[in-house]
Amino acid sequence: MAKISFWLRIIAASVAAVVVSASLSGCSAIKLGYNQLPEISSWWLDNYINFTDTQATQAKQALKKLHAWHRKEELPLVADLLVQAQNMAPQNISTQQACEVWGKLEKRIESVALESSRLATPIVLQLTPRQLRHLEKQWTVKNEEWKKDWLQPSADDRLKKRLDATVDRFSDFYGDLSNEQIKLLRLQIEQSLWSPEVAIQNRIKRQQSQLLVLQNLTQDASKPGFNLAQAENIVLQLSLQSVRPQDPALLNLQLQLEQQACLNFSQFHNTTTPAQRQKAQRRLRAYEKDIRDLI
């Protein structure tokens with residue numbers, strides 16, 4: 001898991017929770033990206049599923065409904081989270097405080113997952129064996145690309161890649177980092193519980209489990225007594241697996257990684273100068289303004 005700025009996680013995960021995840025680098029990008037989410041998401045999903053014309057139309061309609069719901073119900077809550085982050089920025093923070101904010105963000109992600117599952121289930125139930133094979137093929141292609149990025153490079157190259165990305169993200173919010181701050185980020189990455197070898201194994205394991213669930217679900221849809229509410233719950237659990245895996249071992253690792261991320265962020269933030277904290281606060285305020293403009 002590439003390290004990500006705590007503030008950027010609040011913004012990107014909240015705004016991009018509408019199906020597709022994106023890293024938005026500027027205020028105008030948030031407005032532009034958010035308004036285009038139904039179209040972007042439709043294209044992204046079609047690439048993985050290869051919809052029929054009827055399914056594509058249904059998916060676009062569902063995404064528009066999800067987008068309208070998210071704008072009305074979720075964006076005000078996202079803006080409130082950004083206000084909380086602004087209030088935290090000038091002060092030292094504890095690991096517990098960092099995790100509390102992340103926990104609130106997870107609630108927003110779960111809310112989006114619940115609504116999207118309700119809208120997506122009728123389309124999911126139409127998926128054919130051919131489309132599921134297409135999905136599996138696309139996953140395989142993406143996995144190979146992931147391996148090239150994270151398994152083929154040497155350990156030193158992977159460390160440099162993660163450090164460069166982390167420094168860029170923190171610099172975007174705090175301004176130029178000191179040598180000591182960069183050394184701290186490097187140490188945190190070196191001590192990270194995350195490893196590409198375990199990550200790809202868990203990624204493939206999760207995909208295989210999801211594919212099996214989808215196969216069973218689409219087969220059960222044609223049987224007498226099929227329960228739509230139960231199907232919606234199954235789709236919901238699938239969408240939440242990246243946040244809260246059902247496998248106990250994967251869940252335990254995810255919780256440990258989150259706890260470590262909260263610890264790392266609080267440690268780093270507490271090294272920042274008043275000027276760096278002011279810059280972060282201004283950036284968060286600008287994001288909040290953009291979010292409220294979208295409401």
# chains A, B, ... in the order shown; residues from 1 in each chain; ligands from 1

$ closest_atom_pairs --of "stretch 126-165 of chain A" --to "stretch 209-212 of chain A" --cutoff "9 Å" --atoms "only C-alpha atoms" --output "tab-separated table"
residue	atom	partner	partner_atom	distance
A:Leu132	CA	A:Leu211	CA	7.3
A:Leu135	CA	A:Leu211	CA	8.5
A:Glu136	CA	A:Leu211	CA	7.5

$ residues_around --residues "A:Ala59" --least-positions-apart "4" --cutoff "7 Å" --atoms "only C-alpha atoms" --output "list of chain:residue names"
A:Ser42, A:Gln55, A:Leu63

$ residues_around --residues "A:Ile295" --least-positions-apart "5" --cutoff "10 Å" --atoms "only C-alpha atoms" --output "NGL selection string"
:A and (68 or 70-76 or 79 or 290)

$ write_last_selection --atoms "all heavy atoms" --output "compact mmCIF listing (two decimals), in the first residue's frame"
# COMPACT_ATOMS: atom_id res chain seq x y z
N ALA A 68 -26.28 12.08 -7.78
CA ALA A 68 -27.22 13.06 -7.23
C ALA A 68 -27.43 12.84 -5.74
O ALA A 68 -27.48 13.80 -4.95
CB ALA A 68 -28.55 12.98 -7.98
N HIS A 70 -25.29 11.38 -3.68
CA HIS A 70 -24.05 11.70 -2.98
C HIS A 70 -23.89 13.21 -2.83
O HIS A 70 -23.47 13.69 -1.77
CB HIS A 70 -22.85 11.12 -3.75
CG HIS A 70 -21.55 11.25 -3.02
ND1 HIS A 70 -20.72 12.33 -3.16
CD2 HIS A 70 -20.94 10.42 -2.13
CE1 HIS A 70 -19.65 12.17 -2.41
NE2 HIS A 70 -19.76 11.03 -1.77
N ARG A 71 -24.23 13.96 -3.87
CA ARG A 71 -24.12 15.41 -3.80
C ARG A 71 -25.01 15.98 -2.68
O ARG A 71 -24.58 16.87 -1.94
CB ARG A 71 -24.52 16.02 -5.15
CG ARG A 71 -24.27 17.53 -5.24
CD ARG A 71 -24.91 18.11 -6.49
NE ARG A 71 -24.34 17.58 -7.71
CZ ARG A 71 -23.25 18.08 -8.32
NH1 ARG A 71 -22.65 19.13 -7.80
NH2 ARG A 71 -22.80 17.52 -9.43
N LYS A 72 -26.22 15.44 -2.57
CA LYS A 72 -27.17 15.96 -1.60
C LYS A 72 -26.90 15.47 -0.18
O LYS A 72 -26.92 16.26 0.77
CB LYS A 72 -28.60 15.55 -2.00
CG LYS A 72 -29.67 16.00 -1.02
CD LYS A 72 -31.05 15.52 -1.46
CE LYS A 72 -32.11 15.93 -0.45
NZ LYS A 72 -33.46 15.43 -0.84
N GLU A 73 -26.61 14.17 -0.04
CA GLU A 73 -26.54 13.56 1.29
C GLU A 73 -25.12 13.51 1.86
O GLU A 73 -24.95 13.67 3.08
CB GLU A 73 -27.11 12.14 1.24
CG GLU A 73 -28.54 12.05 0.76
CD GLU A 73 -29.51 12.71 1.72
OE1 GLU A 73 -29.18 12.86 2.92
OE2 GLU A 73 -30.61 13.09 1.26
N GLU A 74 -24.13 13.28 1.03
CA GLU A 74 -22.78 13.02 1.53
C GLU A 74 -21.84 14.21 1.49
O GLU A 74 -21.00 14.37 2.38
CB GLU A 74 -22.17 11.85 0.75
CG GLU A 74 -22.80 10.51 1.07
CD GLU A 74 -22.59 10.10 2.52
OE1 GLU A 74 -21.45 10.19 3.02
OE2 GLU A 74 -23.58 9.69 3.15
N LEU A 75 -21.95 15.05 0.47
CA LEU A 75 -21.00 16.16 0.37
C LEU A 75 -21.05 17.08 1.60
O LEU A 75 -19.98 17.53 2.05
CB LEU A 75 -21.22 16.96 -0.92
CG LEU A 75 -20.68 16.33 -2.20
CD1 LEU A 75 -20.76 17.33 -3.34
CD2 LEU A 75 -19.25 15.83 -2.04
N PRO A 76 -22.22 17.39 2.15
CA PRO A 76 -22.21 18.21 3.38
C PRO A 76 -21.43 17.56 4.52
O PRO A 76 -20.76 18.25 5.29
CB PRO A 76 -23.70 18.34 3.72
CG PRO A 76 -24.40 18.18 2.42
CD PRO A 76 -23.59 17.14 1.68
N ALA A 79 -17.73 17.91 3.80
CA ALA A 79 -17.30 19.27 4.13
C ALA A 79 -17.09 19.41 5.64
O ALA A 79 -16.13 20.06 6.08
CB ALA A 79 -18.33 20.29 3.63
N ASP A 290 -14.49 24.23 -2.20
CA ASP A 290 -14.87 23.56 -3.44
C ASP A 290 -15.98 22.55 -3.20
O ASP A 290 -16.91 22.43 -4.02
CB ASP A 290 -13.65 22.86 -4.05
CG ASP A 290 -12.94 23.76 -5.05
OD1 ASP A 290 -13.15 24.97 -5.00
OD2 ASP A 290 -12.20 23.24 -5.89

$ closest_residue --among "A:Val243, A:Leu77, A:Ile93, A:Ala221" --to "A:Arg292" --atoms "only C-alpha atoms"
A:Leu77

$ select_by_dssp --residues "stretch 244-293 of chain A" --states "alpha helix (DSSP H)" --output "MDAnalysis selection string"
chainID A and resid 248:269 274:293

$ closest_residue --among "A:Ile200, A:Asp80, A:Ser116, A:Lys160" --to "A:Asn143" --atoms "only C-alpha atoms"
A:Ile200

$ closest_residue --among "A:Gln58, A:Ser178, A:Gln188, A:Gln267" --to "A:Leu119" --atoms "only C-alpha atoms"
A:Gln58

$ closest_residue --among "A:Ala62, A:Leu82, A:Glu115, A:Gln246" --to "A:Trp102" --atoms "only C-alpha atoms"
A:Leu82

$ closest_residue --among "A:Asn35, A:Asn50, A:Gln84, A:Gln215" --to "A:Gln97" --atoms "only C-alpha atoms"
A:Gln84

$ closest_residue --among "A:Gln278, A:Asp149, A:Ala120, A:Cys99" --to "A:Leu255" --atoms "only C-alpha atoms"
A:Cys99

$ decode --residues "stretch 181-203 of chain A" --atoms "N, CA, C and O atoms" --output "tab-separated table (two decimals), in the first residue's frame"
chain	number	residue	atom	x	y	z
A	181	GLN	N	12.47	15.51	8.30
A	181	GLN	CA	11.13	15.00	8.01
A	181	GLN	C	11.17	13.92	6.93
A	181	GLN	O	10.46	12.92	7.02
A	182	ILE	N	11.99	14.12	5.93
A	182	ILE	CA	12.13	13.11	4.88
A	182	ILE	C	12.73	11.84	5.45
A	182	ILE	O	12.32	10.72	5.09
A	183	LYS	N	13.69	11.98	6.35
A	183	LYS	CA	14.28	10.80	6.99
A	183	LYS	C	13.24	10.04	7.79
A	183	LYS	O	13.23	8.81	7.81
A	184	LEU	N	12.34	10.78	8.45
A	184	LEU	CA	11.27	10.13	9.22
A	184	LEU	C	10.35	9.36	8.29
A	184	LEU	O	9.98	8.20	8.59
A	185	LEU	N	9.97	9.95	7.17
A	185	LEU	CA	9.11	9.26	6.21
A	185	LEU	C	9.79	7.99	5.69
A	185	LEU	O	9.14	6.95	5.54
A	186	ARG	N	11.06	8.09	5.43
A	186	ARG	CA	11.80	6.93	4.94
A	186	ARG	C	11.79	5.82	6.00
A	186	ARG	O	11.55	4.65	5.68
A	187	LEU	N	12.03	6.18	7.24
A	187	LEU	CA	12.03	5.19	8.32
A	187	LEU	C	10.66	4.54	8.46
A	187	LEU	O	10.56	3.31	8.65
A	188	GLN	N	9.62	5.33	8.35
A	188	GLN	CA	8.27	4.78	8.47
A	188	GLN	C	7.97	3.78	7.36
A	188	GLN	O	7.35	2.73	7.59
A	189	ILE	N	8.42	4.09	6.15
A	189	ILE	CA	8.22	3.17	5.04
A	189	ILE	C	9.02	1.89	5.25
A	189	ILE	O	8.53	0.78	4.99
A	190	GLU	N	10.23	2.03	5.71
A	190	GLU	CA	11.08	0.85	5.96
A	190	GLU	C	10.47	-0.06	7.02
A	190	GLU	O	10.63	-1.28	6.98
A	191	GLN	N	9.76	0.52	7.98
A	191	GLN	CA	9.17	-0.25	9.06
A	191	GLN	C	7.72	-0.66	8.79
A	191	GLN	O	7.08	-1.28	9.63
A	192	SER	N	7.24	-0.34	7.60
A	192	SER	CA	5.85	-0.62	7.26
A	192	SER	C	5.55	-2.12	7.27
A	192	SER	O	6.37	-2.94	6.85
A	193	LEU	N	4.34	-2.45	7.71
A	193	LEU	CA	3.88	-3.84	7.69
A	193	LEU	C	3.51	-4.29	6.28
A	193	LEU	O	3.36	-5.49	6.02
A	194	TRP	N	3.35	-3.32	5.38
A	194	TRP	CA	2.96	-3.64	4.01
A	194	TRP	C	4.13	-4.21	3.22
A	194	TRP	O	5.26	-3.73	3.33
A	195	SER	N	3.85	-5.25	2.44
A	195	SER	CA	4.86	-5.80	1.53
A	195	SER	C	4.17	-6.14	0.22
A	195	SER	O	3.02	-6.60	0.22
A	196	PRO	N	4.83	-5.95	-0.92
A	196	PRO	CA	4.20	-6.25	-2.21
A	196	PRO	C	3.89	-7.72	-2.38
A	196	PRO	O	2.90	-8.08	-3.02
A	197	GLU	N	4.73	-8.59	-1.80
A	197	GLU	CA	4.51	-10.02	-1.93
A	197	GLU	C	3.19	-10.44	-1.28
A	197	GLU	O	2.39	-11.18	-1.86
A	198	VAL	N	2.97	-9.95	-0.07
A	198	VAL	CA	1.72	-10.27	0.63
A	198	VAL	C	0.55	-9.56	-0.03
A	198	VAL	O	-0.54	-10.13	-0.16
A	199	ALA	N	0.77	-8.33	-0.47
A	199	ALA	CA	-0.30	-7.54	-1.07
A	199	ALA	C	-0.86	-8.20	-2.31
A	199	ALA	O	-2.09	-8.27	-2.49
A	200	ILE	N	-0.01	-8.71	-3.20
A	200	ILE	CA	-0.51	-9.33	-4.43
A	200	ILE	C	-1.21	-10.65	-4.13
A	200	ILE	O	-2.21	-10.99	-4.76
A	201	GLN	N	-0.70	-11.39	-3.15
A	201	GLN	CA	-1.36	-12.63	-2.76
A	201	GLN	C	-2.78	-12.35	-2.25
A	201	GLN	O	-3.74	-13.03	-2.64
A	202	ASN	N	-2.89	-11.35	-1.39
A	202	ASN	CA	-4.20	-11.00	-0.84
A	202	ASN	C	-5.12	-10.42	-1.90
A	202	ASN	O	-6.33	-10.66	-1.89
A	203	ARG	N	-4.54	-9.67	-2.83
A	203	ARG	CA	-5.32	-9.09	-3.92
A	203	ARG	C	-5.95	-10.19	-4.78
A	203	ARG	O	-7.15	-10.15	-5.08
